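> The following file, my_file-v3.txt, comprises compact mmCIF, C-alpha atoms:
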```
# COMPACT_ATOMS: atom_id res chain seq x y z
CA MET A 1 22.11 8.61 15.17
CA LEU A 2 21.99 7.66 11.48
CA LYS A 3 18.37 6.54 11.75
CA GLU A 4 17.19 9.85 13.24
CA LYS A 5 19.12 11.90 10.68
CA VAL A 6 17.82 9.86 7.74
CA ARG A 7 14.25 9.98 9.10
CA SER A 8 14.46 13.76 9.39
CA LEU A 9 15.75 14.09 5.80
CA LEU A 10 13.11 11.65 4.58
CA ASP A 11 10.27 13.55 6.29
CA LYS A 12 11.50 16.81 4.74
CA ALA A 13 11.71 15.23 1.26
CA LEU A 14 8.19 13.79 1.58
CA GLU A 15 6.85 17.21 2.62
CA GLU A 16 8.20 18.58 -0.68
CA HIS A 17 6.42 15.77 -2.59
CA PRO A 18 2.95 15.55 -0.98
CA THR A 19 1.63 12.87 -3.37
CA LEU A 20 4.25 10.41 -2.04
CA PHE A 21 3.97 8.65 1.31
CA LEU A 22 6.04 6.26 3.37
CA ILE A 23 5.16 2.57 3.62
CA ASP A 24 8.26 1.24 5.37
CA PHE A 25 11.54 2.61 6.72
CA THR A 26 14.29 0.49 8.26
CA VAL A 27 17.94 0.87 9.13
CA GLY A 28 19.78 -2.43 9.48
CA GLY A 29 22.66 -3.17 11.81
CA ASP A 30 25.11 -2.72 8.93
CA ASN A 31 23.68 0.77 8.18
CA THR A 32 21.58 -0.47 5.28
CA VAL A 33 18.82 2.10 4.91
CA ARG A 34 15.68 0.82 3.16
CA VAL A 35 12.81 3.15 2.24
CA VAL A 36 9.60 1.87 0.63
CA LEU A 37 7.31 4.49 -0.90
CA ASP A 38 3.88 4.63 -2.45
CA GLY A 39 2.04 7.52 -4.04
CA ASP A 40 -1.46 8.73 -4.72
CA ASP A 41 -0.62 8.58 -8.44
CA GLY A 42 1.81 5.67 -8.16
CA VAL A 43 5.59 5.90 -7.85
CA ASN A 44 8.00 6.12 -10.75
CA LEU A 45 11.76 5.94 -11.01
CA GLN A 46 12.09 9.75 -10.89
CA ASP A 47 10.22 9.84 -7.57
CA CYS A 48 12.58 7.26 -6.05
CA MET A 49 15.59 9.17 -7.35
CA LYS A 50 14.35 12.49 -5.88
CA ILE A 51 13.87 10.99 -2.43
CA SER A 52 17.15 9.09 -2.62
CA ARG A 53 19.09 12.22 -3.59
CA ALA A 54 17.38 14.30 -0.88
CA ILE A 55 18.70 11.83 1.69
CA GLU A 56 22.08 10.88 0.23
CA HIS A 57 23.24 14.40 -0.68
CA ASN A 58 22.73 15.54 2.91
CA LEU A 59 24.72 12.75 4.57
CA ASP A 60 28.49 12.44 4.81
CA ARG A 61 29.91 9.01 4.00
CA GLU A 62 33.15 10.04 5.73
CA GLU A 63 31.20 10.43 8.96
CA GLU A 64 29.24 7.18 8.71
CA ASP A 65 29.21 4.58 5.93
CA PHE A 66 25.77 3.42 4.75
CA SER A 67 23.92 1.98 1.80
CA LEU A 68 20.58 3.43 0.70
CA GLU A 69 17.75 1.70 -1.13
CA VAL A 70 14.62 3.65 -2.09
CA THR A 71 11.91 1.56 -3.78
CA SER A 72 8.22 1.63 -4.52
CA ALA A 73 5.74 -0.79 -3.00
CA GLY A 74 5.49 -3.67 -5.46
CA ALA A 75 2.36 -4.52 -7.41
CA THR A 76 1.93 -7.68 -5.34
CA SER A 77 2.71 -6.04 -1.99
CA PRO A 78 -0.10 -6.05 0.57
CA LEU A 79 -1.94 -2.77 1.12
CA ILE A 80 -1.01 -1.39 4.53
CA LEU A 81 -2.24 2.19 4.87
CA PRO A 82 -5.79 3.49 4.32
CA ARG A 83 -4.32 5.98 1.83
CA GLN A 84 -3.30 3.04 -0.40
CA TYR A 85 -6.89 1.84 -0.64
CA LYS A 86 -8.11 5.20 -1.98
CA LYS A 87 -5.85 5.01 -5.01
CA ASN A 88 -7.08 1.48 -5.76
CA ILE A 89 -10.81 2.23 -5.95
CA GLY A 90 -12.21 0.39 -8.96
CA ARG A 91 -9.63 -2.39 -8.79
CA LYS A 92 -10.17 -5.97 -7.68
CA LEU A 93 -8.86 -6.83 -4.20
CA LYS A 94 -8.39 -10.07 -2.32
CA VAL A 95 -9.02 -9.40 1.37
CA ARG A 96 -8.36 -11.79 4.24
CA THR A 97 -9.92 -11.25 7.66
CA LYS A 98 -9.94 -13.52 10.73
CA GLU A 99 -13.26 -15.04 9.66
CA GLU A 100 -13.06 -15.22 5.86
CA GLU A 101 -11.35 -14.43 2.60
CA CYS A 102 -13.20 -12.55 -0.11
CA GLU A 103 -12.47 -11.07 -3.49
CA GLY A 104 -14.26 -8.16 -5.06
CA THR A 105 -14.03 -4.72 -6.59
CA LEU A 106 -13.11 -1.93 -4.18
CA THR A 107 -15.91 0.61 -4.57
CA GLN A 108 -15.48 2.86 -1.56
CA THR A 109 -13.17 3.74 1.32
CA THR A 110 -13.98 5.69 4.46
CA GLU A 111 -11.89 6.64 7.47
CA ASN A 112 -12.53 3.27 9.08
CA SER A 113 -13.52 0.79 6.38
CA ILE A 114 -13.63 -0.33 2.76
CA THR A 115 -16.51 -1.59 0.64
CA LEU A 116 -16.14 -4.53 -1.76
CA GLU A 117 -18.67 -5.56 -4.40
CA TRP A 118 -18.85 -8.75 -6.48
CA LYS A 119 -21.29 -10.99 -8.30
CA ALA A 120 -22.13 -14.47 -7.00
CA ARG A 121 -24.22 -17.39 -8.22
CA GLU A 122 -26.77 -18.55 -5.66
CA PRO A 123 -29.62 -21.05 -5.73
CA LYS A 124 -32.98 -19.61 -6.79
CA PRO A 125 -35.35 -18.99 -3.88
CA VAL A 126 -38.00 -21.09 -5.66
CA GLY A 127 -37.33 -23.84 -8.16
CA LYS A 128 -34.17 -25.30 -9.62
CA GLY A 129 -31.13 -23.48 -10.93
CA LYS A 130 -29.08 -20.53 -9.87
CA VAL A 131 -29.35 -16.79 -10.19
CA THR A 132 -26.59 -14.15 -10.28
CA VAL A 133 -26.79 -11.69 -7.39
CA GLN A 134 -24.80 -8.56 -6.60
CA LYS A 135 -23.03 -8.81 -3.22
CA LYS A 136 -21.66 -5.94 -1.16
CA GLN A 137 -19.61 -6.08 2.02
CA GLU A 138 -18.15 -3.40 4.25
CA ILE A 139 -14.93 -4.41 6.03
CA ALA A 140 -13.33 -2.41 8.84
CA PHE A 141 -9.62 -1.68 8.51
CA SER A 142 -9.15 -3.20 11.96
CA ASP A 143 -10.53 -6.54 10.69
CA ILE A 144 -8.26 -6.74 7.63
CA GLN A 145 -5.31 -9.08 8.11
CA GLU A 146 -4.09 -8.78 4.52
CA ALA A 147 -5.32 -7.11 1.35
CA LYS A 148 -3.75 -7.35 -2.08
CA VAL A 149 -4.64 -6.04 -5.52
CA VAL A 150 -5.53 -8.89 -7.88
CA LEU A 151 -3.55 -8.51 -11.08
CA LYS A 152 -5.08 -9.51 -14.41
CA PHE A 153 -2.94 -10.59 -17.34
```
I need this file expressed as structure tokens, please.


Amino acid sequence: MLKEKVRSLLDKALEEHPTLFLIDFTVGGDNTVRVVLDGDDGVNLQDCMKISRAIEHNLDREEEDFSLEVTSAGATSPLILPRQYKKNIGRKLKVRTKEEECEGTLTQTTENSITLEWKAREPKPVGKGKVTVQKKQEIAFSDIQEAKVVLKF
């Protein structure tokens, strides 16, 4: 019962904040409610507080005891939803598929795929030495096993 009630409150709160979207929602056996959010413009502390209050202020702890944790998807968390890729256009991604692992700049997303671009050094077609070439690869969402943003420090 708690899970359905929380999910209903969560859906209503997310409707009021259309730039936010749900990444993960779980209710543990000990009534630990965990909500992980992401947003088209990122997620800040105020966003987490708004969603948390929208849920917590509409539940009665006398009826059922619970703990609530509302967090944002971490910087090193894998990208899960196609909507997450859109906000990361222009950033470097490391993508693992069944066949390979590649790293490049996310330049485009469509309904079904992403496009990565990177530079590579390859042997010259004639003669000795190497030449830098621009590579481009389209990867279907269905082929992606894991994709993470590469952080630069």

> I'd like the contact shell of A:Glu69 - 12 Å cut-off, all atoms listed in the file, skipping same-chain residues fewer than 5 positions apart - returned as a list in words.

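Once the adjacent positions are removed, what remains is Asp24, Phe25, Thr26, Val27, Gly28, Asn31, Thr32, Val33, Arg34, Val35, Val36, Leu37, Cys48, Met49, Ile51, Ser52, Arg53, Ile55 and Glu56 of chain A.
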
> Mind checking which residues fall within 9 Å of A:Tyr85, counting only C-alpha atoms, ignoring those fewer than 4 positions away in the same chain, and posting them as a PDB file with C-alpha atoms, in the coordinates of the input?


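Below is the file part09.pdb, written as the result:
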```pdb
ATOM      1  CA  LEU A  79      -1.940  -2.770   1.120  1.00  0.00           C
ATOM      2  CA  ILE A  80      -1.010  -1.390   4.530  1.00  0.00           C
ATOM      3  CA  LEU A  81      -2.240   2.190   4.870  1.00  0.00           C
ATOM      4  CA  ILE A  89     -10.810   2.230  -5.950  1.00  0.00           C
ATOM      5  CA  LEU A 106     -13.110  -1.930  -4.180  1.00  0.00           C
ATOM      6  CA  GLN A 108     -15.480   2.860  -1.560  1.00  0.00           C
ATOM      7  CA  THR A 109     -13.170   3.740   1.320  1.00  0.00           C
ATOM      8  CA  ILE A 114     -13.630  -0.330   2.760  1.00  0.00           C
TER       9      ILE A 114
END
```

> Under the rule that all atoms listed in the file are counted, which of A:Glu16, A:Glu99, A:Asn88, A:Lys128 is the nearest residue to A:Leu116?

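Comparing A:Glu16, A:Glu99, A:Asn88, A:Lys128 against A:Leu116, the winner is A:Asn88.
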
> Write out as number ranges by chain the residues lying within 10 Å of A:Ser77, counting only C-alpha atoms and excluding same-chain residues fewer than 5 positions away.

A: 72, 146-149

> With C-alpha atoms retained, write the just-selected residues as a PDB file, keeping the file's coordinate frame.


```pdb
ATOM      1  CA  SER A  72       8.220   1.630  -4.520  1.00  0.00           C
ATOM      2  CA  GLU A 146      -4.090  -8.780   4.520  1.00  0.00           C
ATOM      3  CA  ALA A 147      -5.320  -7.110   1.350  1.00  0.00           C
ATOM      4  CA  LYS A 148      -3.750  -7.350  -2.080  1.00  0.00           C
ATOM      5  CA  VAL A 149      -4.640  -6.040  -5.520  1.00  0.00           C
TER       6      VAL A 149
END
```

> How far is it from atom CA of A:Trp118 to atom CA of A:Cys102, in Å with one decimal?

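Taking atom CA of A:Trp118 and atom CA of A:Cys102, their separation equals 9.3 Å.
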
> What is the distance between atom CA of A:Ala73 and atom CA of A:Asp38, in Å to one decimal?

5.8 Å

> Looking at only C-alpha atoms, which of A:Glu117, A:Glu138, A:Asp65, A:Glu111 is the one that sits closest to A:Arg83?

A:Glu111

> Of the candidates A:Val126, A:Leu22, A:Val95, A:Ala13, which shows the shortest atom-to-atom distance to A:Phe141, using all atoms listed in the file?

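Nearest to A:Phe141: A:Val95.
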
> Measuring between only C-alpha atoms, which one of A:Gln145, A:Gln46, A:Phe21, A:Lys119 shows the shortest distance to A:Val131?

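Looking at the shortest contact to A:Val131, the residue is A:Lys119.
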
> So how many Å separate atom CA of A:Val133 and atom CA of A:Arg121, to one decimal?

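According to the coordinates, atom CA of A:Val133 and atom CA of A:Arg121 are separated by 6.3 Å.
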
> Hey, which of A:Met1, A:Ile23, A:Leu151, A:Leu10 ends up closest to A:Lys94? Count all atoms listed in the file.

A:Leu151

> Using only C-alpha atoms, which residue out of A:Asp60, A:Asp143, A:Glu100, A:Asp40 lies closest to A:His17?

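The answer is A:Asp40, which sits nearest to A:His17.
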
> Please return stretch 36-69 of chain A, rebuilt to N, CA and C atoms, as a tab-separated table (two decimals), keeping the file's coordinate frame.


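Final file, selection-v4.tsv:
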```
chain	number	residue	atom	x	y	z
A	36	VAL	N	10.61	2.34	1.57
A	36	VAL	CA	9.60	1.87	0.63
A	36	VAL	C	8.52	2.94	0.56
A	37	LEU	N	8.26	3.41	-0.67
A	37	LEU	CA	7.31	4.49	-0.90
A	37	LEU	C	6.10	4.02	-1.68
A	38	ASP	N	5.03	4.78	-1.57
A	38	ASP	CA	3.88	4.63	-2.45
A	38	ASP	C	3.40	6.05	-2.74
A	39	GLY	N	2.52	6.19	-3.69
A	39	GLY	CA	2.04	7.52	-4.04
A	39	GLY	C	0.60	7.49	-4.47
A	40	ASP	N	-0.06	8.63	-4.32
A	40	ASP	CA	-1.46	8.73	-4.72
A	40	ASP	C	-1.62	8.47	-6.21
A	41	ASP	N	-0.60	8.81	-6.99
A	41	ASP	CA	-0.62	8.58	-8.44
A	41	ASP	C	0.39	7.52	-8.84
A	42	GLY	N	0.77	6.66	-7.89
A	42	GLY	CA	1.81	5.67	-8.16
A	42	GLY	C	3.18	6.27	-7.90
A	43	VAL	N	4.21	5.46	-8.06
A	43	VAL	CA	5.59	5.90	-7.85
A	43	VAL	C	6.39	5.50	-9.07
A	44	ASN	N	7.14	6.45	-9.62
A	44	ASN	CA	8.00	6.12	-10.75
A	44	ASN	C	9.47	6.24	-10.36
A	45	LEU	N	10.32	5.92	-11.28
A	45	LEU	CA	11.76	5.94	-11.01
A	45	LEU	C	12.23	7.33	-10.59
A	46	GLN	N	11.68	8.37	-11.23
A	46	GLN	CA	12.09	9.75	-10.89
A	46	GLN	C	11.75	10.07	-9.43
A	47	ASP	N	10.60	9.60	-8.97
A	47	ASP	CA	10.22	9.84	-7.57
A	47	ASP	C	11.22	9.20	-6.62
A	48	CYS	N	11.60	7.96	-6.89
A	48	CYS	CA	12.58	7.26	-6.05
A	48	CYS	C	13.92	7.99	-6.06
A	49	MET	N	14.31	8.46	-7.24
A	49	MET	CA	15.59	9.17	-7.35
A	49	MET	C	15.56	10.48	-6.56
A	50	LYS	N	14.46	11.22	-6.62
A	50	LYS	CA	14.35	12.49	-5.88
A	50	LYS	C	14.50	12.26	-4.38
A	51	ILE	N	13.82	11.27	-3.87
A	51	ILE	CA	13.87	10.99	-2.43
A	51	ILE	C	15.26	10.49	-2.05
A	52	SER	N	15.82	9.62	-2.87
A	52	SER	CA	17.15	9.09	-2.62
A	52	SER	C	18.19	10.21	-2.57
A	53	ARG	N	18.14	11.10	-3.54
A	53	ARG	CA	19.09	12.22	-3.59
A	53	ARG	C	18.90	13.17	-2.40
A	54	ALA	N	17.65	13.40	-2.02
A	54	ALA	CA	17.38	14.30	-0.88
A	54	ALA	C	18.03	13.75	0.39
A	55	ILE	N	18.08	12.45	0.51
A	55	ILE	CA	18.70	11.83	1.69
A	55	ILE	C	20.22	11.77	1.52
A	56	GLU	N	20.65	11.16	0.42
A	56	GLU	CA	22.08	10.88	0.23
A	56	GLU	C	22.93	12.14	0.14
A	57	HIS	N	22.44	13.18	-0.50
A	57	HIS	CA	23.24	14.40	-0.68
A	57	HIS	C	23.38	15.19	0.61
A	58	ASN	N	22.65	14.83	1.64
A	58	ASN	CA	22.73	15.54	2.91
A	58	ASN	C	23.40	14.71	4.01
A	59	LEU	N	23.98	13.58	3.62
A	59	LEU	CA	24.72	12.75	4.57
A	59	LEU	C	26.18	12.67	4.13
A	60	ASP	N	27.06	12.51	5.09
A	60	ASP	CA	28.49	12.44	4.81
A	60	ASP	C	28.97	11.00	5.00
A	61	ARG	N	29.42	10.39	3.92
A	61	ARG	CA	29.91	9.01	4.00
A	61	ARG	C	31.22	8.92	4.80
A	62	GLU	N	31.91	10.02	4.93
A	62	GLU	CA	33.15	10.04	5.73
A	62	GLU	C	32.79	9.90	7.21
A	63	GLU	N	31.65	10.47	7.58
A	63	GLU	CA	31.20	10.43	8.96
A	63	GLU	C	30.69	9.04	9.33
A	64	GLU	N	29.83	8.49	8.45
A	64	GLU	CA	29.24	7.18	8.71
A	64	GLU	C	28.92	6.51	7.37
A	65	ASP	N	29.45	5.30	7.18
A	65	ASP	CA	29.21	4.58	5.93
A	65	ASP	C	27.82	3.95	5.96
A	66	PHE	N	27.13	3.97	4.83
A	66	PHE	CA	25.77	3.42	4.75
A	66	PHE	C	25.47	3.04	3.31
A	67	SER	N	24.45	2.23	3.14
A	67	SER	CA	23.92	1.98	1.80
A	67	SER	C	22.45	2.37	1.85
A	68	LEU	N	21.94	2.90	0.74
A	68	LEU	CA	20.58	3.43	0.70
A	68	LEU	C	19.81	2.78	-0.45
A	69	GLU	N	18.63	2.31	-0.13
A	69	GLU	CA	17.75	1.70	-1.13
A	69	GLU	C	16.37	2.34	-1.01
```
